[in-house]
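Raw target01.tsv, TSV, C-alpha atoms:
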chain	number	residue	atom	x	y	z
A	1	MET	CA	3.44	86.56	19.74
A	2	VAL	CA	3.66	85.89	16.00
A	3	THR	CA	7.06	84.31	16.49
A	4	LEU	CA	5.68	82.07	19.22
A	5	PHE	CA	2.77	81.05	16.97
A	6	VAL	CA	5.10	80.24	14.06
A	7	PHE	CA	7.41	78.31	16.39
A	8	LEU	CA	4.53	76.24	17.86
A	9	SER	CA	3.07	75.47	14.41
A	10	PHE	CA	6.43	74.40	13.05
A	11	GLY	CA	7.10	72.33	16.15
A	12	SER	CA	3.76	70.49	15.95
A	13	PHE	CA	4.38	69.75	12.25
A	14	ILE	CA	7.76	68.19	13.01
A	15	TYR	CA	6.30	66.27	15.96
A	16	LYS	CA	3.48	64.89	13.82
A	17	GLY	CA	5.98	63.90	11.15
A	18	HIS	CA	8.08	62.07	13.74
A	19	TYR	CA	4.94	60.39	15.12
A	20	VAL	CA	4.04	59.02	11.69
A	21	PHE	CA	7.57	57.73	11.14
A	22	ALA	CA	7.63	56.19	14.64
A	23	GLN	CA	4.29	54.48	14.03
A	24	SER	CA	5.49	53.21	10.67
A	25	ASP	CA	8.67	51.83	12.23
A	26	GLN	CA	6.73	50.20	15.06
A	27	THR	CA	4.31	48.59	12.63
A	28	ALA	CA	7.16	47.41	10.42
A	29	SER	CA	8.83	45.71	13.37
A	30	LYS	CA	5.53	44.08	14.38
A	31	LEU	CA	5.10	42.83	10.84
A	32	GLN	CA	8.63	41.46	10.91
A	33	ALA	CA	7.91	39.70	14.21
A	34	ALA	CA	4.74	38.19	12.75
A	35	ASN	CA	6.67	37.06	9.67
A	36	ASN	CA	9.33	35.44	11.84
A	37	ALA	CA	6.70	33.70	13.97
A	38	ILE	CA	4.95	32.24	10.93
A	39	GLU	CA	8.23	31.13	9.38
A	40	GLN	CA	9.27	29.43	12.60
A	41	ALA	CA	5.88	27.75	12.85
A	42	PHE	CA	6.23	26.52	9.28
A	43	ASN	CA	9.74	25.17	9.97
A	44	ASN	CA	8.33	23.14	12.86
A	45	VAL	CA	5.43	21.89	10.74
A	46	SER	CA	7.90	20.92	8.03
A	47	ASP	CA	10.00	18.98	10.55
A	48	ALA	CA	6.88	17.19	11.79
A	49	GLU	CA	5.96	16.31	8.21
A	50	LYS	CA	9.45	14.88	7.57
A	51	ALA	CA	9.07	12.76	10.72
A	52	GLY	CA	5.90	11.28	9.21
A	53	ALA	CA	3.20	13.25	11.05
A	54	ASN	CA	-0.08	14.22	9.38
A	55	VAL	CA	0.17	18.00	9.16
A	56	SER	CA	-3.00	18.82	7.19
A	57	SER	CA	-4.74	20.46	10.17
A	58	LEU	CA	-1.57	22.41	11.02
A	59	LEU	CA	-1.35	23.65	7.43
A	60	ALA	CA	-4.97	24.80	7.65
A	61	GLN	CA	-4.12	26.80	10.79
A	62	LEU	CA	-1.04	28.22	9.08
A	63	ASN	CA	-3.23	29.36	6.20
A	64	VAL	CA	-5.43	31.27	8.63
A	65	ALA	CA	-2.34	33.04	9.96
A	66	ALA	CA	-1.02	33.59	6.43
A	67	GLY	CA	-4.27	35.24	5.39
A	68	ILE	CA	-4.08	37.65	8.30
A	69	LEU	CA	-0.41	38.38	7.53
A	70	ALA	CA	-1.24	39.19	3.91
A	71	GLN	CA	-3.99	41.55	5.08
A	72	ALA	CA	-1.56	43.19	7.49
A	73	GLU	CA	1.07	43.65	4.76
A	74	ASN	CA	-1.53	45.09	2.37
A	75	SER	CA	-2.80	47.45	5.08
A	76	TYR	CA	0.77	48.60	5.71
A	77	ARG	CA	1.30	49.32	2.02
A	78	THR	CA	-1.78	51.52	1.92
A	79	GLY	CA	-0.59	53.47	4.98
A	80	ASP	CA	-3.12	52.00	7.43
A	81	PHE	CA	-0.49	51.38	10.11
A	82	THR	CA	-2.92	50.94	12.99
A	83	THR	CA	-4.84	48.13	11.30
A	84	ALA	CA	-1.60	46.54	10.13
A	85	ALA	CA	-0.18	46.57	13.67
A	86	VAL	CA	-3.31	45.03	15.20
A	87	GLN	CA	-3.41	42.33	12.54
A	88	ALA	CA	0.29	41.57	12.95
A	89	GLU	CA	-0.06	41.22	16.72
A	90	SER	CA	-2.99	38.83	16.36
A	91	ILE	CA	-0.80	36.41	14.42
A	92	LEU	CA	1.69	35.78	17.23
A	93	PRO	CA	-0.48	33.55	19.50
A	94	ILE	CA	-1.74	31.59	16.48
A	95	ALA	CA	1.82	30.94	15.28
A	96	GLN	CA	2.96	29.96	18.78
A	97	GLY	CA	0.09	27.48	19.08
A	98	ILE	CA	0.99	25.95	15.73
A	99	THR	CA	4.66	25.69	16.76
A	100	ASN	CA	3.76	23.88	19.98
A	101	SER	CA	1.40	21.47	18.20
A	102	ALA	CA	3.94	20.76	15.47
A	103	GLN	CA	6.68	19.97	17.98
A	104	HIS	CA	4.35	17.61	19.82
A	105	ASP	CA	3.25	15.91	16.59
A	106	ARG	CA	6.87	15.54	15.50
A	107	GLN	CA	7.81	13.78	18.74
A	108	SER	CA	4.82	11.43	18.45
A	109	ALA	CA	5.65	10.68	14.82
A	110	LEU	CA	9.29	9.94	15.68
A	111	VAL	CA	8.26	7.49	18.42
A	112	SER	CA	5.66	5.81	16.17
A	113	GLY	CA	8.16	5.69	13.33
A	114	GLU	CA	10.79	4.03	15.49
A	115	HIS	CA	8.28	1.41	16.68
A	116	ALA	CA	7.19	0.73	13.12
A	117	PHE	CA	10.84	0.44	12.02
A	118	TRP	CA	11.75	-2.21	14.60
A	119	LEU	CA	8.46	-4.01	14.07
A	120	THR	CA	9.21	-4.29	10.36
A	121	ILE	CA	12.75	-5.54	11.02
A	122	ALA	CA	11.43	-8.09	13.52
A	123	PHE	CA	8.73	-9.24	11.11
A	124	SER	CA	11.29	-9.78	8.36
A	125	VAL	CA	13.82	-11.63	10.54
A	126	ILE	CA	11.31	-13.81	12.40
A	127	GLY	CA	9.26	-14.43	9.27
A	128	ALA	CA	12.33	-15.53	7.31
A	129	LEU	CA	13.52	-17.80	10.15
A	130	VAL	CA	10.10	-19.40	10.59
A	131	PHE	CA	9.81	-19.90	6.85
A	132	VAL	CA	13.24	-21.57	6.64
A	133	PHE	CA	12.42	-23.74	9.70
A	134	ILE	CA	9.11	-24.91	8.22
A	135	LEU	CA	10.85	-25.55	4.91
A	136	PHE	CA	13.45	-27.65	6.77
A	137	LEU	CA	10.71	-29.63	8.56
A	138	VAL	CA	8.87	-30.30	5.31
A	139	TRP	CA	12.09	-31.35	3.62
A	140	GLY	CA	12.93	-33.67	6.54
A	141	ARG	CA	9.49	-35.30	6.39
A	142	PHE	CA	9.77	-35.94	2.64
A	143	LYS	CA	13.28	-37.34	3.15
A	144	ARG	CA	12.11	-39.77	5.87
A	145	GLY	CA	9.21	-40.93	3.76
A	146	TYR	CA	11.50	-41.51	0.79
A	147	LEU	CA	14.04	-43.45	2.91
A	148	GLU	CA	11.28	-45.66	4.35
A	149	LYS	CA	10.05	-46.56	0.88
A	150	LEU	CA	13.54	-47.14	-0.52
A	151	PRO	CA	14.11	-50.76	0.77
A	152	TYR	CA	10.81	-51.89	-0.80
A	153	LEU	CA	11.61	-50.56	-4.20
A	154	LYS	CA	12.53	-53.45	-6.59
A	155	PRO	CA	14.85	-52.92	-9.48
A	156	GLU	CA	13.15	-53.58	-12.79
A	157	VAL	CA	14.53	-56.28	-15.06
A	158	ALA	CA	14.79	-55.02	-18.57
A	159	GLU	CA	14.76	-57.59	-21.46
A	160	ASN	CA	16.57	-57.40	-24.74
A	161	THR	CA	18.92	-54.67	-23.57
A	162	VAL	CA	21.98	-55.93	-25.38
B	163	MET	CA	12.50	-21.78	-3.08
B	164	GLY	CA	13.91	-21.06	0.32
B	165	LEU	CA	15.73	-18.04	-1.07
B	166	ILE	CA	12.57	-16.73	-2.69
B	167	GLY	CA	10.66	-17.02	0.59
B	168	VAL	CA	13.42	-15.27	2.54
B	169	LEU	CA	13.51	-12.45	0.00
B	170	LEU	CA	9.74	-12.03	0.22
B	171	PHE	CA	9.93	-11.62	3.99
B	172	ALA	CA	12.91	-9.30	3.66
B	173	LEU	CA	11.15	-6.94	1.22
B	174	PRO	CA	9.46	-4.75	3.90
B	175	SER	CA	12.83	-4.22	5.60
B	176	ILE	CA	14.56	-3.47	2.31
B	177	SER	CA	11.93	-0.83	1.49
B	178	LEU	CA	12.88	1.01	4.70
B	179	PHE	CA	16.35	1.67	3.32
B	180	VAL	CA	15.80	1.88	-0.43
B	181	LYS	CA	13.83	4.95	-1.51
B	182	PRO	CA	12.25	5.15	-4.99
B	183	PRO	CA	13.69	7.87	-7.28
B	184	SER	CA	11.95	11.19	-6.66
B	185	GLU	CA	9.99	12.92	-9.40
B	186	GLN	CA	10.88	16.33	-10.77
B	187	GLU	CA	10.08	19.05	-8.24
B	188	PHE	CA	8.50	22.30	-9.36
B	189	SER	CA	5.74	24.80	-8.61
B	190	GLU	CA	3.08	26.24	-10.86
B	191	ILE	CA	1.47	29.66	-10.99
B	192	TYR	CA	-1.34	30.47	-13.38
B	193	ILE	CA	-4.12	32.91	-14.18
B	194	LEU	CA	-7.56	31.85	-15.39
B	195	GLY	CA	-10.43	33.95	-16.63
B	196	PRO	CA	-13.62	34.62	-14.65
B	197	ASN	CA	-15.04	31.23	-15.70
B	198	HIS	CA	-11.97	29.29	-14.50
B	199	THR	CA	-10.88	28.86	-18.12
B	200	PHE	CA	-8.44	30.62	-20.41
B	201	ASP	CA	-11.33	32.47	-22.02
B	202	ASN	CA	-12.30	36.09	-21.34
B	203	ILE	CA	-8.98	37.07	-19.80
B	204	PRO	CA	-9.06	40.89	-19.65
B	205	PHE	CA	-7.03	42.72	-22.30
B	206	THR	CA	-8.71	45.93	-23.40
B	207	ILE	CA	-9.34	47.78	-20.17
B	208	GLU	CA	-11.55	50.71	-19.28
B	209	THR	CA	-11.11	52.77	-16.17
B	210	ASP	CA	-13.41	52.42	-13.16
B	211	VAL	CA	-14.54	48.99	-14.35
B	212	ASN	CA	-13.93	45.98	-12.14
B	213	TYR	CA	-12.23	43.01	-13.80
B	214	SER	CA	-11.89	39.57	-12.27
B	215	VAL	CA	-9.52	36.67	-12.87
B	216	TYR	CA	-8.41	33.70	-10.79
B	217	LEU	CA	-4.87	33.35	-9.55
B	218	GLY	CA	-3.68	29.80	-8.83
B	219	ILE	CA	-0.65	28.05	-7.39
B	220	VAL	CA	0.10	24.31	-7.47
B	221	ASN	CA	2.75	22.53	-5.38
B	222	HIS	CA	4.79	19.72	-6.96
B	223	MET	CA	7.78	20.09	-4.62
B	224	GLY	CA	7.42	16.77	-2.82
B	225	SER	CA	6.67	18.41	0.54
B	226	SER	CA	4.64	21.25	2.04
B	227	CYS	CA	5.68	24.73	0.95
B	228	TYR	CA	5.05	28.34	1.95
B	229	TYR	CA	4.22	30.47	-1.09
B	230	THR	CA	3.92	34.23	-1.49
B	231	ALA	CA	2.42	35.78	-4.62
B	232	LEU	CA	3.41	39.43	-5.15
B	233	VAL	CA	1.24	41.56	-7.44
B	234	LYS	CA	3.03	44.39	-9.25
B	235	MET	CA	2.25	46.84	-12.03
B	236	ALA	CA	4.56	47.93	-14.83
B	237	ASN	CA	4.16	50.37	-17.68
B	238	ASP	CA	5.35	49.67	-21.23
B	239	SER	CA	8.99	50.25	-20.27
B	240	GLY	CA	8.81	48.97	-16.72
B	241	SER	CA	11.07	46.18	-15.54
B	242	LEU	CA	9.42	42.78	-15.62
B	243	PRO	CA	11.11	39.81	-13.91
B	244	ASP	CA	14.14	38.54	-15.83
B	245	ALA	CA	13.52	34.89	-16.72
B	246	THR	CA	17.10	34.40	-17.96
B	247	LEU	CA	18.79	35.68	-14.82
B	248	GLY	CA	15.99	34.45	-12.55
B	249	THR	CA	15.64	37.82	-10.86
B	250	PRO	CA	12.37	39.45	-9.75
B	251	SER	CA	11.11	42.82	-10.87
B	252	LEU	CA	12.49	45.85	-9.00
B	253	LEU	CA	9.06	47.46	-8.97
B	254	PRO	CA	7.37	47.77	-5.58
B	255	THR	CA	4.81	45.20	-4.47
B	256	LEU	CA	1.24	46.44	-4.51
B	257	TYR	CA	-0.62	43.44	-3.12
B	258	GLU	CA	0.36	40.06	-1.78
B	259	PHE	CA	-1.15	36.64	-1.19
B	260	ASN	CA	0.28	34.06	1.20
B	261	THR	CA	-0.52	30.36	1.26
B	262	PHE	CA	0.75	27.08	2.64
B	263	LEU	CA	0.27	24.09	0.35
B	264	SER	CA	0.85	20.40	0.92
B	265	ASP	CA	2.53	18.40	-1.85
B	266	GLY	CA	0.10	18.11	-4.75
B	267	GLY	CA	-2.11	20.83	-3.29
B	268	THR	CA	-3.73	23.61	-5.29
B	269	TRP	CA	-4.62	27.14	-4.15
B	270	GLU	CA	-6.87	29.44	-6.14
B	271	GLU	CA	-8.17	32.88	-5.23
B	272	PRO	CA	-9.99	35.60	-7.14
B	273	LEU	CA	-7.92	38.59	-8.21
B	274	THR	CA	-10.09	41.59	-9.00
B	275	PHE	CA	-8.63	44.84	-10.23
B	276	GLN	CA	-9.84	48.23	-11.33
B	277	LEU	CA	-7.77	50.98	-12.89
B	278	ASN	CA	-8.65	54.49	-11.79
B	279	GLY	CA	-7.59	57.98	-12.71
B	280	LEU	CA	-6.27	57.52	-16.22
B	281	ASN	CA	-5.24	60.71	-18.02
B	282	PHE	CA	-4.06	61.09	-21.58
B	283	THR	CA	-1.69	63.93	-22.42
B	284	ASP	CA	0.95	64.49	-25.10
B	285	GLY	CA	0.88	60.94	-26.46
B	286	ALA	CA	1.18	59.35	-23.04
B	287	SER	CA	-1.23	57.91	-20.53
B	288	GLN	CA	-0.86	58.39	-16.81
B	289	LEU	CA	-2.39	56.00	-14.31
B	290	SER	CA	-2.90	57.38	-10.82
B	291	SER	CA	-4.37	54.49	-8.86
B	292	LEU	CA	-5.15	50.80	-9.00
B	293	THR	CA	-7.66	48.91	-6.84
B	294	ILE	CA	-6.89	45.26	-6.16
B	295	ASN	CA	-9.41	43.11	-4.28
B	296	GLY	CA	-11.05	46.25	-2.93
B	297	VAL	CA	-7.82	47.86	-1.70
B	298	GLU	CA	-6.77	51.05	-3.49
B	299	PHE	CA	-3.09	51.68	-4.19
B	300	PRO	CA	-1.80	55.02	-5.43
B	301	LEU	CA	0.28	54.76	-8.60
B	302	ASN	CA	2.22	57.08	-10.81
B	303	GLN	CA	2.65	55.03	-13.94
B	304	THR	CA	3.06	56.59	-17.37
B	305	SER	CA	2.86	54.66	-20.60
B	306	THR	CA	3.63	56.03	-24.05
B	307	TRP	CA	1.61	55.31	-27.15
B	308	ASP	CA	2.63	52.04	-28.82
B	309	SER	CA	2.08	52.78	-32.50
B	310	GLY	CA	2.96	49.23	-33.55
B	311	ASN	CA	0.26	47.70	-31.39
B	312	SER	CA	-2.03	50.77	-31.27
B	313	GLY	CA	-2.49	51.23	-27.58
B	314	TYR	CA	-1.20	52.29	-24.18
B	315	TYR	CA	0.07	49.12	-22.55
B	316	TYR	CA	0.54	48.16	-18.91
B	317	HIS	CA	1.51	44.85	-17.32
B	318	LEU	CA	-0.22	43.56	-14.21
B	319	PHE	CA	1.92	40.65	-13.16
B	320	VAL	CA	2.26	38.26	-10.22
B	321	GLU	CA	5.58	36.85	-9.04
B	322	LEU	CA	5.82	33.52	-7.21
B	323	TRP	CA	8.08	33.43	-4.16
B	324	ILE	CA	8.76	30.33	-2.06
B	325	PHE	CA	10.07	30.15	1.50
B	326	ASN	CA	13.50	28.57	1.84
B	327	SER	CA	13.98	27.10	5.33
B	328	THR	CA	17.77	26.95	4.94
B	329	MET	CA	18.03	30.63	3.99
B	330	ALA	CA	15.20	31.54	6.42
B	331	SER	CA	13.67	33.82	3.80
B	332	SER	CA	11.41	33.76	0.78
B	333	GLN	CA	13.10	33.53	-2.60
B	334	TYR	CA	11.86	34.33	-6.06
B	335	ASP	CA	10.99	31.04	-7.80
B	336	ASN	CA	11.65	32.44	-11.31
B	337	ARG	CA	7.98	32.09	-12.16
B	338	PHE	CA	5.50	34.83	-12.87
B	339	VAL	CA	2.29	35.36	-14.79
B	340	SER	CA	1.38	38.58	-16.52
B	341	LEU	CA	-1.74	40.28	-17.81
B	342	VAL	CA	-1.12	42.68	-20.68
B	343	LEU	CA	-3.58	45.55	-20.33
B	344	ASN	CA	-4.43	47.78	-23.25
B	345	MET	CA	-5.83	51.04	-21.97
B	346	THR	CA	-8.43	52.58	-24.22
B	347	GLN	CA	-9.06	56.29	-24.52
Final structure tokens representation of the file:
Amino acid sequence: MVTLFVFLSFGSFIYKGHYVFAQSDQTASKLQAANNAIEQAFNNVSDAEKAGANVSSLLAQLNVAAGILAQAENSYRTGDFTTAAVQAESILPIAQGITNSAQHDRQSALVSGEHAFWLTIAFSVIGALVFVFILFLVWGRFKRGYLEKLPYLKPEVAENTV
Amino acid sequence: MGLIGVLLFALPSISLFVKPPSEQEFSEIYILGPNHTFDNIPFTIETDVNYSVYLGIVNHMGSSCYYTALVKMANDSGSLPDATLGTPSLLPTLYEFNTFLSDGGTWEEPLTFQLNGLNFTDGASQLSSLTINGVEFPLNQTSTWDSGNSGYYYHLFVELWIFNSTMASSQYDNRFVSLVLNMTQ
């Protein structure tokens, strides 16, 4: 009877120890998943920013997620694995939403950027051609006017030139 | 005149291909006192008293960045970050802040701390816990008496880490700020 009692007590101690380690490992992997999700979301926001999109609202959403992640990490460090796990899981849908929005904004920015690029090139080429054409017309008009006046111009007779 | 006019119309197209030289890229981390100035920064510390400073980060990297600030505690012989080698401290992180900042953006948050359970024995002080922003962290830090500066000294410091997209991980930015804490008996 005593042996059975000792065996059961020892067994429950080991089981509890394993449960704590298992919970810690599970929470650590959830934290890692949350970290990866936020990093991926940031990479997409960064790509959208490079494409010329306005990412201020996306950064604000990322900061909400970052605040929760920091709380989760701090909870984990103090041994509050349950809170840390819940907080880490709550980050995933936020990060996914940010990723989707960033990818959409990047595409829109790329299309707008391409339109703006060709518009600028067209403006420069057409503007330069029109300018040169107008300059040519103005020059032609002045030339015609000068040629029309030319026959009526009398040479001046200068006295005492020798 | 024709050439000048053509160049004027060509300027917008030229600006698409010619980028101006970029400015120096760097990040800032700083600590300010409770009044958002360099005054009244805690130095002589008593246990079970709450102290408050402001921790700030500024982004001058030319693009949005993901920053992590790691709060650590060292005793008088503890390893601080090595500024020469650019390596972080090996001490464990107690508390962390995360923030995303656009280029030119500034982040500032209060950092409150309280030292608990300080014992003095045999010319050494032992610190058993530290509370940061309301979260208590168990510690086991011992500091010996510094006869030159007459006190038991600890360092509460914050390392700045920045996310590197290429490496897919945060890297120590070789910047930290430190509060030197003189524990009174």
_Can you tell me which residues surround Leu232 (chain B) at a distance of at most 7 Å, considering all atoms listed in the file, apart from same-chain residues fewer than 5 positions away, and format the answer as a ChimeraX atom specification?_
/B:255,257-259,320-322
Hey, could you make a per-residue contact list for chain B against chain A with 6 Å as the cut-off, showing the nearest pair of atoms and its distance in Å to one decimal, counting all atoms listed in the file, sorted by chain and number, as JSON lines?
{"residue": "B:Val168", "atom": "CA", "partner": "A:Ala128", "partner_atom": "CA", "distance": 4.9}
{"residue": "B:Phe171", "atom": "CA", "partner": "A:Ser124", "partner_atom": "CA", "distance": 4.9}
{"residue": "B:Ala172", "atom": "CA", "partner": "A:Ser124", "partner_atom": "CA", "distance": 5.0}
{"residue": "B:Ser175", "atom": "CA", "partner": "A:Ile121", "partner_atom": "CA", "distance": 5.6}
{"residue": "B:Tyr257", "atom": "CA", "partner": "A:Asn74", "partner_atom": "CA", "distance": 5.8}
{"residue": "B:Glu258", "atom": "CA", "partner": "A:Ala70", "partner_atom": "CA", "distance": 6.0}
{"residue": "B:Phe259", "atom": "CA", "partner": "A:Ala70", "partner_atom": "CA", "distance": 5.7}
{"residue": "B:Asn260", "atom": "CA", "partner": "A:Ala66", "partner_atom": "CA", "distance": 5.4}
{"residue": "B:Thr261", "atom": "CA", "partner": "A:Asn63", "partner_atom": "CA", "distance": 5.7}
{"residue": "B:Phe262", "atom": "CA", "partner": "A:Asn63", "partner_atom": "CA", "distance": 5.8}
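Between CA of Asn295 (chain B) and CA of Thr283 (chain B) there is a distance of 28.7 Å.
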*Measure the distance from CA of Leu194 (chain B) to CA of Ser340 (chain B) in Å and round it to one decimal.*
11.2 Å
*Which neighbours of Ser112 (chain A) fall inside 10 Å, counting all atoms listed in the file, when residues of the same chain fewer than 5 positions from it are skipped, and could you give them as a PyMOL selection string?*
chain A and resi 51-53+106-107+117
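One finds CA of Val297 (chain B) at 21.8 Å from CA of Ile219 (chain B).
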